[in-house]
$ cat query20.pdb   # PDB, C-alpha atoms, pLDDT in the B column
ATOM      1  CA  MET A  63      25.473   2.564  -5.959  1.00 27.00           C
ATOM      2  CA  ILE A  64      21.687   2.246  -5.950  1.00 28.00           C
ATOM      3  CA  MET A  65      20.218  -0.209  -8.429  1.00 30.00           C
ATOM      4  CA  TYR A  66      16.970   0.774 -10.075  1.00 27.00           C
ATOM      5  CA  VAL A  67      14.919  -1.784 -11.931  1.00 30.00           C
ATOM      6  CA  ALA A  68      12.501  -0.909 -14.713  1.00 31.00           C
ATOM      7  CA  GLN A  69       9.149  -0.327 -13.097  1.00 32.00           C
ATOM      8  CA  GLU A  70       7.231  -2.122 -15.838  1.00 33.00           C
ATOM      9  CA  GLN A  71       8.640  -5.348 -14.450  1.00 34.00           C
ATOM     10  CA  PHE A  72       6.701  -4.796 -11.227  1.00 34.00           C
ATOM     11  CA  ASP A  73       3.441  -3.367 -12.564  1.00 39.00           C
ATOM     12  CA  TYR A  74       0.982  -6.193 -12.780  1.00 37.00           C
ATOM     13  CA  PRO A  75      -2.675  -6.133 -13.678  1.00 38.00           C
ATOM     14  CA  GLU A  76      -5.154  -6.715 -10.871  1.00 43.00           C
ATOM     15  CA  THR A  77      -5.727 -10.306 -12.017  1.00 40.00           C
ATOM     16  CA  ASP A  78      -2.067 -11.340 -12.344  1.00 53.00           C
ATOM     17  CA  ALA A  79       0.054 -12.394  -9.415  1.00 58.00           C
ATOM     18  CA  PRO A  80       3.570 -11.093  -8.870  1.00 67.00           C
ATOM     19  CA  GLU A  81       6.420 -13.341  -9.928  1.00 69.00           C
ATOM     20  CA  ALA A  82       9.368 -14.543  -7.863  1.00 66.00           C
ATOM     21  CA  ILE A  83      11.729 -12.098  -9.607  1.00 74.00           C
ATOM     22  CA  ASP A  84       9.726  -9.199  -8.200  1.00 81.00           C
ATOM     23  CA  PHE A  85      10.835 -10.098  -4.691  1.00 90.00           C
ATOM     24  CA  ALA A  86      14.535 -10.063  -5.560  1.00 90.00           C
ATOM     25  CA  TYR A  87      14.078  -6.285  -5.434  1.00 93.00           C
ATOM     26  CA  PRO A  88      11.702  -5.753  -2.496  1.00 96.00           C
ATOM     27  CA  ILE A  89      12.110  -1.973  -2.300  1.00 96.00           C
ATOM     28  CA  GLU A  90      11.308  -1.597  -5.989  1.00 95.00           C
ATOM     29  CA  PHE A  91       8.367  -3.949  -5.511  1.00 95.00           C
ATOM     30  CA  MET A  92       7.100  -1.728  -2.683  1.00 95.00           C
ATOM     31  CA  LEU A  93       7.475   1.370  -4.849  1.00 95.00           C
ATOM     32  CA  ALA A  94       5.552  -0.295  -7.683  1.00 94.00           C
ATOM     33  CA  ASP A  95       2.949  -1.359  -5.134  1.00 95.00           C
ATOM     34  CA  HIS A  96       2.714   2.271  -4.009  1.00 96.00           C
ATOM     35  CA  ASP A  97       2.122   3.291  -7.632  1.00 95.00           C
ATOM     36  CA  HIS A  98      -0.629   0.694  -7.909  1.00 95.00           C
ATOM     37  CA  GLN A  99      -2.163   1.985  -4.682  1.00 96.00           C
ATOM     38  CA  ARG A 100      -2.170   5.550  -6.017  1.00 96.00           C
ATOM     39  CA  VAL A 101      -4.108   4.356  -9.057  1.00 96.00           C
ATOM     40  CA  GLN A 102      -6.617   2.524  -6.874  1.00 97.00           C
ATOM     41  CA  PHE A 103      -7.142   5.525  -4.617  1.00 97.00           C
ATOM     42  CA  ALA A 104      -7.590   7.796  -7.638  1.00 96.00           C
ATOM     43  CA  LEU A 105     -10.223   5.323  -8.831  1.00 97.00           C
ATOM     44  CA  LEU A 106     -11.891   5.445  -5.402  1.00 97.00           C
ATOM     45  CA  GLU A 107     -11.945   9.235  -5.547  1.00 96.00           C
ATOM     46  CA  ARG A 108     -13.422   9.092  -9.051  1.00 96.00           C
ATOM     47  CA  LEU A 109     -16.103   6.744  -7.733  1.00 97.00           C
ATOM     48  CA  ALA A 110     -16.850   9.209  -4.932  1.00 96.00           C
ATOM     49  CA  ASP A 111     -17.141  12.020  -7.478  1.00 96.00           C
ATOM     50  CA  HIS A 112     -19.320   9.969  -9.846  1.00 95.00           C
ATOM     51  CA  PRO A 113     -21.102   7.256  -7.816  1.00 93.00           C
ATOM     52  CA  ASP A 114     -23.790   6.882 -10.492  1.00 91.00           C
ATOM     53  CA  ALA A 115     -21.381   6.451 -13.419  1.00 94.00           C
ATOM     54  CA  LYS A 116     -21.907   3.486 -15.727  1.00 95.00           C
ATOM     55  CA  ASP A 117     -18.639   1.919 -14.558  1.00 95.00           C
ATOM     56  CA  ALA A 118     -19.308   2.469 -10.834  1.00 96.00           C
ATOM     57  CA  ARG A 119     -20.062  -1.185 -10.185  1.00 96.00           C
ATOM     58  CA  THR A 120     -16.928  -2.357 -12.032  1.00 97.00           C
ATOM     59  CA  ASN A 121     -14.781   0.239 -10.283  1.00 96.00           C
ATOM     60  CA  ALA A 122     -16.169  -0.670  -6.870  1.00 97.00           C
ATOM     61  CA  THR A 123     -15.421  -4.351  -7.545  1.00 97.00           C
ATOM     62  CA  GLU A 124     -11.821  -3.544  -8.517  1.00 96.00           C
ATOM     63  CA  ILE A 125     -11.299  -1.288  -5.503  1.00 97.00           C
ATOM     64  CA  LEU A 126     -12.748  -3.935  -3.175  1.00 96.00           C
ATOM     65  CA  ALA A 127     -10.378  -6.579  -4.538  1.00 95.00           C
ATOM     66  CA  PHE A 128      -7.493  -4.207  -3.896  1.00 95.00           C
ATOM     67  CA  LEU A 129      -8.647  -3.209  -0.393  1.00 95.00           C
ATOM     68  CA  GLU A 130      -9.386  -6.762   0.693  1.00 94.00           C
ATOM     69  CA  THR A 131      -6.298  -8.496  -0.720  1.00 93.00           C
ATOM     70  CA  LYS A 132      -3.380  -6.340  -1.855  1.00 93.00           C
ATOM     71  CA  LEU A 133      -3.542  -3.510   0.669  1.00 92.00           C
ATOM     72  CA  PRO A 134      -3.566  -5.831   3.715  1.00 92.00           C
ATOM     73  CA  LEU A 135      -0.558  -7.703   2.288  1.00 94.00           C
ATOM     74  CA  HIS A 136       1.298  -4.437   1.806  1.00 93.00           C
ATOM     75  CA  VAL A 137       0.553  -3.299   5.355  1.00 90.00           C
ATOM     76  CA  GLN A 138       1.746  -6.678   6.659  1.00 94.00           C
ATOM     77  CA  ASP A 139       4.938  -6.336   4.593  1.00 96.00           C
ATOM     78  CA  GLU A 140       5.609  -3.025   6.277  1.00 93.00           C
ATOM     79  CA  GLU A 141       4.557  -3.772   9.835  1.00 91.00           C
ATOM     80  CA  ARG A 142       5.851  -7.337  10.165  1.00 95.00           C
ATOM     81  CA  ASP A 143       9.093  -7.084   8.234  1.00 96.00           C
ATOM     82  CA  PHE A 144      10.067  -3.738   6.705  1.00 96.00           C
ATOM     83  CA  PHE A 145       9.631  -1.451   9.719  1.00 94.00           C
ATOM     84  CA  PRO A 146      11.161  -3.877  12.264  1.00 95.00           C
ATOM     85  CA  LEU A 147      14.119  -4.367   9.915  1.00 96.00           C
ATOM     86  CA  LEU A 148      14.592  -0.620   9.593  1.00 95.00           C
ATOM     87  CA  ARG A 149      14.318  -0.264  13.362  1.00 94.00           C
ATOM     88  CA  ARG A 150      17.269  -2.654  13.753  1.00 95.00           C
ATOM     89  CA  ARG A 151      19.373  -0.990  11.051  1.00 96.00           C
ATOM     90  CA  CYS A 152      18.736   2.728  11.549  1.00 95.00           C
ATOM     91  CA  GLU A 153      21.067   4.871  13.562  1.00 94.00           C
ATOM     92  CA  ALA A 154      19.975   7.227  16.330  1.00 92.00           C
ATOM     93  CA  ASP A 155      20.344  10.328  14.169  1.00 93.00           C
ATOM     94  CA  ASP A 156      17.905   8.804  11.626  1.00 92.00           C
ATOM     95  CA  GLU A 157      15.178   9.323  14.256  1.00 91.00           C
ATOM     96  CA  PHE A 158      13.395   6.275  12.907  1.00 91.00           C
ATOM     97  CA  GLU A 159      11.413   5.754  16.115  1.00 90.00           C
ATOM     98  CA  VAL A 160       9.720   9.123  15.525  1.00 90.00           C
ATOM     99  CA  LEU A 161       9.010   8.164  11.915  1.00 87.00           C
ATOM    100  CA  LEU A 162       7.728   4.757  12.989  1.00 86.00           C
ATOM    101  CA  ASP A 163       5.295   6.293  15.484  1.00 88.00           C
ATOM    102  CA  LEU A 164       3.933   8.536  12.733  1.00 86.00           C
ATOM    103  CA  LEU A 165       3.607   5.631  10.307  1.00 82.00           C
ATOM    104  CA  GLN A 166       1.842   3.391  12.780  1.00 80.00           C
ATOM    105  CA  ASN A 167      -0.536   6.204  13.733  1.00 84.00           C
ATOM    106  CA  GLU A 168      -1.300   6.715  10.046  1.00 83.00           C
ATOM    107  CA  HIS A 169      -1.951   2.992   9.612  1.00 76.00           C
ATOM    108  CA  ALA A 170      -4.423   3.197  12.498  1.00 80.00           C
ATOM    109  CA  VAL A 171      -6.212   6.158  10.864  1.00 82.00           C
ATOM    110  CA  ASN A 172      -6.219   4.185   7.627  1.00 82.00           C
ATOM    111  CA  GLN A 173      -8.311   1.509   9.372  1.00 84.00           C
ATOM    112  CA  GLU A 174     -11.040   4.033  10.219  1.00 87.00           C
ATOM    113  CA  TYR A 175     -11.299   5.075   6.583  1.00 91.00           C
ATOM    114  CA  TYR A 176     -11.237   1.456   5.510  1.00 90.00           C
ATOM    115  CA  ARG A 177     -14.112   0.515   7.813  1.00 91.00           C
ATOM    116  CA  ASN A 178     -16.219   3.437   6.580  1.00 94.00           C
ATOM    117  CA  VAL A 179     -15.895   2.671   2.869  1.00 96.00           C
ATOM    118  CA  LEU A 180     -15.946  -1.133   2.810  1.00 96.00           C
ATOM    119  CA  ALA A 181     -19.674  -1.846   3.287  1.00 96.00           C
ATOM    120  CA  PRO A 182     -20.798   0.903   0.870  1.00 97.00           C
ATOM    121  CA  LEU A 183     -18.294  -0.352  -1.713  1.00 97.00           C
ATOM    122  CA  ARG A 184     -19.737  -3.848  -1.394  1.00 97.00           C
ATOM    123  CA  MET A 185     -23.205  -2.437  -2.009  1.00 97.00           C
ATOM    124  CA  ILE A 186     -22.078  -0.492  -5.085  1.00 97.00           C
ATOM    125  CA  ALA A 187     -20.224  -3.570  -6.386  1.00 97.00           C
ATOM    126  CA  THR A 188     -23.475  -5.544  -6.237  1.00 96.00           C
ATOM    127  CA  GLY A 189     -25.411  -2.818  -8.045  1.00 95.00           C
ATOM    128  CA  ASN A 190     -27.021  -1.272  -4.984  1.00 95.00           C
ATOM    129  CA  LYS A 191     -26.815   2.227  -3.594  1.00 94.00           C
ATOM    130  CA  PRO A 192     -25.480   2.688  -0.053  1.00 94.00           C
ATOM    131  CA  PRO A 193     -28.054   4.046   2.410  1.00 93.00           C
ATOM    132  CA  ASP A 194     -25.914   7.148   3.023  1.00 95.00           C
ATOM    133  CA  LEU A 195     -24.260   7.849  -0.312  1.00 95.00           C
ATOM    134  CA  GLU A 196     -23.120  11.294   0.829  1.00 96.00           C
ATOM    135  CA  ALA A 197     -21.246   9.824   3.803  1.00 96.00           C
ATOM    136  CA  PHE A 198     -19.629   7.195   1.576  1.00 97.00           C
ATOM    137  CA  CYS A 199     -18.475   9.872  -0.877  1.00 97.00           C
ATOM    138  CA  HIS A 200     -17.034  11.936   1.984  1.00 96.00           C
ATOM    139  CA  TRP A 201     -15.126   8.972   3.463  1.00 96.00           C
ATOM    140  CA  ALA A 202     -13.950   7.754   0.045  1.00 97.00           C
ATOM    141  CA  ARG A 203     -12.528  11.166  -0.887  1.00 96.00           C
ATOM    142  CA  ALA A 204     -10.885  11.581   2.513  1.00 94.00           C
ATOM    143  CA  PHE A 205      -9.413   8.071   2.341  1.00 95.00           C
ATOM    144  CA  SER A 206      -8.032   8.726  -1.145  1.00 96.00           C
ATOM    145  CA  ILE A 207      -6.420  12.014  -0.210  1.00 94.00           C
ATOM    146  CA  PHE A 208      -5.017  10.627   3.039  1.00 92.00           C
ATOM    147  CA  GLU A 209      -3.502   7.562   1.386  1.00 93.00           C
ATOM    148  CA  ARG A 210      -1.941   9.396  -1.541  1.00 93.00           C
ATOM    149  CA  ARG A 211      -0.289  11.811   0.906  1.00 91.00           C
ATOM    150  CA  HIS A 212       0.838   8.876   3.054  1.00 91.00           C
ATOM    151  CA  LEU A 213       2.360   7.126   0.028  1.00 93.00           C
ATOM    152  CA  ALA A 214       4.217  10.261  -1.055  1.00 93.00           C
ATOM    153  CA  TRP A 215       5.566  10.647   2.466  1.00 90.00           C
ATOM    154  CA  GLU A 216       6.729   7.008   2.599  1.00 93.00           C
ATOM    155  CA  ASN A 217       8.361   7.298  -0.831  1.00 95.00           C
ATOM    156  CA  GLY A 218      10.141  10.505   0.130  1.00 94.00           C
ATOM    157  CA  THR A 219      11.212   9.536   3.640  1.00 93.00           C
ATOM    158  CA  ILE A 220      11.148   5.820   4.394  1.00 94.00           C
ATOM    159  CA  ILE A 221      12.287   4.423   1.043  1.00 96.00           C
ATOM    160  CA  PRO A 222      15.463   6.588   0.890  1.00 96.00           C
ATOM    161  CA  LEU A 223      16.243   5.583   4.474  1.00 96.00           C
ATOM    162  CA  ALA A 224      15.809   1.906   3.553  1.00 97.00           C
ATOM    163  CA  ARG A 225      18.112   2.302   0.535  1.00 97.00           C
ATOM    164  CA  LYS A 226      20.711   3.834   2.847  1.00 96.00           C
ATOM    165  CA  ARG A 227      20.488   1.394   5.756  1.00 97.00           C
ATOM    166  CA  LEU A 228      19.455  -2.041   4.459  1.00 97.00           C
ATOM    167  CA  ASN A 229      22.110  -4.410   3.183  1.00 97.00           C
ATOM    168  CA  ALA A 230      21.863  -7.208   0.605  1.00 96.00           C
ATOM    169  CA  GLU A 231      21.095  -9.846   3.238  1.00 97.00           C
ATOM    170  CA  ASP A 232      18.341  -7.658   4.714  1.00 97.00           C
ATOM    171  CA  LEU A 233      16.794  -7.224   1.271  1.00 97.00           C
ATOM    172  CA  ARG A 234      16.930 -10.966   0.514  1.00 95.00           C
ATOM    173  CA  GLY A 235      15.146 -11.740   3.784  1.00 96.00           C
ATOM    174  CA  LEU A 236      12.588  -8.995   3.241  1.00 97.00           C
ATOM    175  CA  GLY A 237      11.900 -10.210  -0.296  1.00 96.00           C
ATOM    176  CA  ARG A 238      11.600 -13.830   0.863  1.00 95.00           C
ATOM    177  CA  ASN A 239       9.068 -12.924   3.552  1.00 96.00           C
ATOM    178  CA  MET A 240       7.050 -10.775   1.151  1.00 95.00           C
ATOM    179  CA  ALA A 241       6.992 -13.627  -1.396  1.00 94.00           C
ATOM    180  CA  GLU A 242       5.968 -16.214   1.210  1.00 94.00           C
ATOM    181  CA  ARG A 243       3.124 -13.954   2.318  1.00 94.00           C
ATOM    182  CA  ARG A 244       1.825 -14.193  -1.264  1.00 91.00           C
ATOM    183  CA  GLY A 245       2.314 -17.945  -1.546  1.00 90.00           C
ATOM    184  CA  ILE A 246       5.519 -17.741  -3.604  1.00 88.00           C
ATOM    185  CA  ASN A 247       8.466 -19.904  -2.595  1.00 83.00           C
ATOM    186  CA  LEU A 248      11.826 -18.422  -3.574  1.00 78.00           C
ATOM    187  CA  ASP A 249      13.927 -21.484  -2.656  1.00 72.00           C
TER     188      ASP A 249
END
$ encode --input "query20.pdb" --output "structure tokens"
Amino acid sequence: MIMYVAQEQFDYPETDAPEAIDFAYPIEFMLADHDHQRVQFALLERLADHPDAKDARTNATEILAFLETKLPLHVQDEERDFFPLLRRRCEADDEFEVLLDLLQNEHAVNQEYYRNVLAPLRMIATGNKPPDLEAFCHWARAFSIFERRHLAWENGTIIPLARKRLNAEDLRGLGRNMAERRGINLD
């Protein structure tokens, strides 16, 4: 039987840190994190569509905080713990190695988008206009679309596989490592 936990428990405002209980359910935490990422990428796309909006500076600041803190933690959760754990637990007919290659390639593409939006976002966050606003808007839209598709793919493919293959001990270890990465001690 799969246990689902109310998502509200895992949604936290940008300024609040996750609590230890969140990591007792690491898959649900990842799903909530994916939801948060979708919101941030929708905000990035909105910024690309309206770079001169009154809230552009505020939005850029929020997106930067997400890109520079939460997204790297999430990628580390996946690449250091989640994917290696799945690699050990998946069976040959799961074809996880094929999935893993695709995921790691997508994470590499993600870095190109990241590099192309970071400096312009910093400029917008400080009230300045990037030298090539059109290029920023292009990269921001592309990044948003790419990431939302990537998240949907992970939610539809990787998460069900994890629910099928990971056991309680695996999930405890995964949750502990995710918590430690965020400075939370579960012991």
$ atom_distance --input "query20.pdb" --atom1 "atom CA of Ala122 of chain A" --atom2 "atom CA of His96 of chain A"
19.3 Å
$ residues_around --input "query20.pdb" --residues "Leu236 of chain A" --least-positions-apart "6" --cutoff "9 Å" --atoms "only C-alpha atoms" --output "ChimeraX atom specification"
/A:85,88-89,139,143-144,147
$ closest_residue --input "query20.pdb" --among "A:Lys226, A:His200, A:Arg184, A:Arg243" --to "Glu140 of chain A" --atoms "only C-alpha atoms"
A:Arg243
$ residues_around --input "query20.pdb" --residues "Gly237 of chain A" --least-positions-apart "4" --cutoff "9 Å" --atoms "all atoms listed in the file" --output "list in words"
Asp84, Phe85, Ala86, Tyr87, Pro88, Ile89, Phe91, Asp232, Leu233, Ala241, Glu242 and Leu248 of chain A
$ resolve_selection --input "query20.pdb" --expression "the PyMOL selection byres ((chain A and resi 107-112) around 8)" --output "NGL selection string"
:A and (103-106 or 113-115 or 118 or 121-122 or 198-200 or 202-203 or 206)
$ residues_around --input "query20.pdb" --residues "Arg119 of chain A" --least-positions-apart "6" --cutoff "10 Å" --atoms "only C-alpha atoms" --output "number ranges by chain"
A: 109, 113, 125, 183-190
$ residues_around --input "query20.pdb" --residues "Thr131 of chain A" --least-positions-apart "3" --cutoff "12 Å" --atoms "all atoms listed in the file" --output "PDB file with C-alpha atoms, in the frame of the given file"
ATOM      1  CA  GLU A  76      -5.154  -6.715 -10.871  1.00 43.00           C
ATOM      2  CA  THR A  77      -5.727 -10.306 -12.017  1.00 40.00           C
ATOM      3  CA  ALA A  79       0.054 -12.394  -9.415  1.00 58.00           C
ATOM      4  CA  GLN A  99      -2.163   1.985  -4.682  1.00 96.00           C
ATOM      5  CA  GLU A 124     -11.821  -3.544  -8.517  1.00 96.00           C
ATOM      6  CA  ILE A 125     -11.299  -1.288  -5.503  1.00 97.00           C
ATOM      7  CA  LEU A 126     -12.748  -3.935  -3.175  1.00 96.00           C
ATOM      8  CA  ALA A 127     -10.378  -6.579  -4.538  1.00 95.00           C
ATOM      9  CA  PHE A 128      -7.493  -4.207  -3.896  1.00 95.00           C
ATOM     10  CA  PRO A 134      -3.566  -5.831   3.715  1.00 92.00           C
ATOM     11  CA  LEU A 135      -0.558  -7.703   2.288  1.00 94.00           C
ATOM     12  CA  HIS A 136       1.298  -4.437   1.806  1.00 93.00           C
ATOM     13  CA  VAL A 137       0.553  -3.299   5.355  1.00 90.00           C
ATOM     14  CA  GLN A 138       1.746  -6.678   6.659  1.00 94.00           C
ATOM     15  CA  ARG A 243       3.124 -13.954   2.318  1.00 94.00           C
ATOM     16  CA  ARG A 244       1.825 -14.193  -1.264  1.00 91.00           C
TER      17      ARG A 244
END
$ atom_distance --input "query20.pdb" --atom1 "atom CA of Thr123 of chain A" --atom2 "atom CA of Ile246 of chain A"
25.2 Å
$ atom_distance --input "query20.pdb" --atom1 "atom CA of Ile221 of chain A" --atom2 "atom CA of Gln173 of chain A"
22.4 Å
$ residues_around --input "query20.pdb" --residues "Ala224 of chain A" --least-positions-apart "4" --cutoff "12 Å" --atoms "all atoms listed in the file" --output "PyMOL selection string"
chain A and resi 64+88-90+92-93+140+144-153+156+158+216-220+228-230+232-233+236
$ write_last_selection --input "query20.pdb" --atoms "C-alpha atoms" --output "PDB file, in the frame of the given file"
ATOM      1  CA  ILE A  64      21.687   2.246  -5.950  1.00 28.00           C
ATOM      2  CA  PRO A  88      11.702  -5.753  -2.496  1.00 96.00           C
ATOM      3  CA  ILE A  89      12.110  -1.973  -2.300  1.00 96.00           C
ATOM      4  CA  GLU A  90      11.308  -1.597  -5.989  1.00 95.00           C
ATOM      5  CA  MET A  92       7.100  -1.728  -2.683  1.00 95.00           C
ATOM      6  CA  LEU A  93       7.475   1.370  -4.849  1.00 95.00           C
ATOM      7  CA  GLU A 140       5.609  -3.025   6.277  1.00 93.00           C
ATOM      8  CA  PHE A 144      10.067  -3.738   6.705  1.00 96.00           C
ATOM      9  CA  PHE A 145       9.631  -1.451   9.719  1.00 94.00           C
ATOM     10  CA  PRO A 146      11.161  -3.877  12.264  1.00 95.00           C
ATOM     11  CA  LEU A 147      14.119  -4.367   9.915  1.00 96.00           C
ATOM     12  CA  LEU A 148      14.592  -0.620   9.593  1.00 95.00           C
ATOM     13  CA  ARG A 149      14.318  -0.264  13.362  1.00 94.00           C
ATOM     14  CA  ARG A 150      17.269  -2.654  13.753  1.00 95.00           C
ATOM     15  CA  ARG A 151      19.373  -0.990  11.051  1.00 96.00           C
ATOM     16  CA  CYS A 152      18.736   2.728  11.549  1.00 95.00           C
ATOM     17  CA  GLU A 153      21.067   4.871  13.562  1.00 94.00           C
ATOM     18  CA  ASP A 156      17.905   8.804  11.626  1.00 92.00           C
ATOM     19  CA  PHE A 158      13.395   6.275  12.907  1.00 91.00           C
ATOM     20  CA  GLU A 216       6.729   7.008   2.599  1.00 93.00           C
ATOM     21  CA  ASN A 217       8.361   7.298  -0.831  1.00 95.00           C
ATOM     22  CA  GLY A 218      10.141  10.505   0.130  1.00 94.00           C
ATOM     23  CA  THR A 219      11.212   9.536   3.640  1.00 93.00           C
ATOM     24  CA  ILE A 220      11.148   5.820   4.394  1.00 94.00           C
ATOM     25  CA  LEU A 228      19.455  -2.041   4.459  1.00 97.00           C
ATOM     26  CA  ASN A 229      22.110  -4.410   3.183  1.00 97.00           C
ATOM     27  CA  ALA A 230      21.863  -7.208   0.605  1.00 96.00           C
ATOM     28  CA  ASP A 232      18.341  -7.658   4.714  1.00 97.00           C
ATOM     29  CA  LEU A 233      16.794  -7.224   1.271  1.00 97.00           C
ATOM     30  CA  LEU A 236      12.588  -8.995   3.241  1.00 97.00           C
TER      31      LEU A 236
END
$ closest_residue --input "query20.pdb" --among "A:Ala204, A:Leu129, A:Leu162, A:Ile83" --to "His98 of chain A" --atoms "only C-alpha atoms"
A:Leu129
$ axis_aligned_box --input "query20.pdb" --around "segment 193-204 of chain A" --padding-each-side "5 Å" --output "JSON"
{"center_x": -19.5, "center_y": 8.0, "center_z": 1.5, "size_x": 27.2, "size_y": 17.9, "size_z": 14.7}
$ closest_residue --input "query20.pdb" --among "A:Asp249, A:Pro193, A:Tyr175, A:Leu133" --to "Arg234 of chain A" --atoms "only C-alpha atoms"
A:Asp249
$ decode --input "query20.pdb" --residues "segment 194-201 of chain A" --atoms "all heavy atoms" --output "PDB file, in the first residue's frame"
ATOM      1  N   ASP A 194      21.243  42.398 -22.981  1.00  0.00           N
ATOM      2  CA  ASP A 194      20.504  41.746 -24.066  1.00  0.00           C
ATOM      3  C   ASP A 194      19.221  41.153 -23.486  1.00  0.00           C
ATOM      4  O   ASP A 194      19.139  39.949 -23.227  1.00  0.00           O
ATOM      5  CB  ASP A 194      21.361  40.682 -24.739  1.00  0.00           C
ATOM      6  CG  ASP A 194      20.750  40.163 -26.035  1.00  0.00           C
ATOM      7  OD1 ASP A 194      19.544  40.417 -26.276  1.00  0.00           O
ATOM      8  OD2 ASP A 194      21.477  39.495 -26.787  1.00  0.00           O
ATOM      9  N   LEU A 195      18.246  42.016 -23.291  1.00  0.00           N
ATOM     10  CA  LEU A 195      16.982  41.599 -22.679  1.00  0.00           C
ATOM     11  C   LEU A 195      16.284  40.533 -23.515  1.00  0.00           C
ATOM     12  O   LEU A 195      15.711  39.584 -22.978  1.00  0.00           O
ATOM     13  CB  LEU A 195      16.069  42.812 -22.482  1.00  0.00           C
ATOM     14  CG  LEU A 195      14.763  42.548 -21.744  1.00  0.00           C
ATOM     15  CD1 LEU A 195      15.022  41.997 -20.348  1.00  0.00           C
ATOM     16  CD2 LEU A 195      13.936  43.816 -21.680  1.00  0.00           C
ATOM     17  N   GLU A 196      16.369  40.661 -24.832  1.00  0.00           N
ATOM     18  CA  GLU A 196      15.725  39.685 -25.717  1.00  0.00           C
ATOM     19  C   GLU A 196      16.318  38.283 -25.521  1.00  0.00           C
ATOM     20  O   GLU A 196      15.590  37.289 -25.466  1.00  0.00           O
ATOM     21  CB  GLU A 196      15.851  40.124 -27.167  1.00  0.00           C
ATOM     22  CG  GLU A 196      15.054  39.272 -28.118  1.00  0.00           C
ATOM     23  CD  GLU A 196      15.112  39.810 -29.553  1.00  0.00           C
ATOM     24  OE1 GLU A 196      15.102  41.032 -29.748  1.00  0.00           O
ATOM     25  OE2 GLU A 196      15.169  38.958 -30.466  1.00  0.00           O
ATOM     26  N   ALA A 197      17.632  38.205 -25.397  1.00  0.00           N
ATOM     27  CA  ALA A 197      18.280  36.911 -25.180  1.00  0.00           C
ATOM     28  C   ALA A 197      17.863  36.337 -23.820  1.00  0.00           C
ATOM     29  O   ALA A 197      17.576  35.139 -23.714  1.00  0.00           O
ATOM     30  CB  ALA A 197      19.793  37.050 -25.257  1.00  0.00           C
ATOM     31  N   PHE A 198      17.839  37.190 -22.789  1.00  0.00           N
ATOM     32  CA  PHE A 198      17.400  36.717 -21.483  1.00  0.00           C
ATOM     33  C   PHE A 198      15.989  36.138 -21.571  1.00  0.00           C
ATOM     34  O   PHE A 198      15.724  35.056 -21.054  1.00  0.00           O
ATOM     35  CB  PHE A 198      17.424  37.837 -20.433  1.00  0.00           C
ATOM     36  CG  PHE A 198      16.617  37.486 -19.217  1.00  0.00           C
ATOM     37  CD1 PHE A 198      17.084  36.551 -18.298  1.00  0.00           C
ATOM     38  CD2 PHE A 198      15.368  38.054 -19.009  1.00  0.00           C
ATOM     39  CE1 PHE A 198      16.313  36.191 -17.198  1.00  0.00           C
ATOM     40  CE2 PHE A 198      14.593  37.709 -17.905  1.00  0.00           C
ATOM     41  CZ  PHE A 198      15.068  36.781 -17.002  1.00  0.00           C
ATOM     42  N   CYS A 199      15.083  36.861 -22.207  1.00  0.00           N
ATOM     43  CA  CYS A 199      13.692  36.411 -22.304  1.00  0.00           C
ATOM     44  C   CYS A 199      13.603  35.074 -23.040  1.00  0.00           C
ATOM     45  O   CYS A 199      12.854  34.181 -22.638  1.00  0.00           O
ATOM     46  CB  CYS A 199      12.835  37.477 -22.988  1.00  0.00           C
ATOM     47  SG  CYS A 199      12.649  38.971 -21.973  1.00  0.00           S
ATOM     48  N   HIS A 200      14.394  34.928 -24.095  1.00  0.00           N
ATOM     49  CA  HIS A 200      14.433  33.657 -24.832  1.00  0.00           C
ATOM     50  C   HIS A 200      14.887  32.520 -23.914  1.00  0.00           C
ATOM     51  O   HIS A 200      14.243  31.468 -23.835  1.00  0.00           O
ATOM     52  CB  HIS A 200      15.360  33.769 -26.042  1.00  0.00           C
ATOM     53  CG  HIS A 200      15.740  32.441 -26.606  1.00  0.00           C
ATOM     54  ND1 HIS A 200      14.904  31.714 -27.415  1.00  0.00           N
ATOM     55  CD2 HIS A 200      16.865  31.697 -26.439  1.00  0.00           C
ATOM     56  CE1 HIS A 200      15.492  30.568 -27.731  1.00  0.00           C
ATOM     57  NE2 HIS A 200      16.681  30.539 -27.165  1.00  0.00           N
ATOM     58  N   TRP A 201      16.032  32.709 -23.236  1.00  0.00           N
ATOM     59  CA  TRP A 201      16.578  31.664 -22.375  1.00  0.00           C
ATOM     60  C   TRP A 201      15.649  31.366 -21.201  1.00  0.00           C
ATOM     61  O   TRP A 201      15.482  30.205 -20.803  1.00  0.00           O
ATOM     62  CB  TRP A 201      17.976  32.059 -21.864  1.00  0.00           C
ATOM     63  CG  TRP A 201      19.028  31.867 -22.896  1.00  0.00           C
ATOM     64  CD1 TRP A 201      19.658  32.834 -23.628  1.00  0.00           C
ATOM     65  CD2 TRP A 201      19.578  30.625 -23.334  1.00  0.00           C
ATOM     66  NE1 TRP A 201      20.564  32.266 -24.486  1.00  0.00           N
ATOM     67  CE2 TRP A 201      20.537  30.907 -24.326  1.00  0.00           C
ATOM     68  CE3 TRP A 201      19.359  29.299 -22.988  1.00  0.00           C
ATOM     69  CZ2 TRP A 201      21.278  29.919 -24.963  1.00  0.00           C
ATOM     70  CZ3 TRP A 201      20.093  28.314 -23.626  1.00  0.00           C
ATOM     71  CH2 TRP A 201      21.044  28.623 -24.597  1.00  0.00           C
TER      72      TRP A 201
END
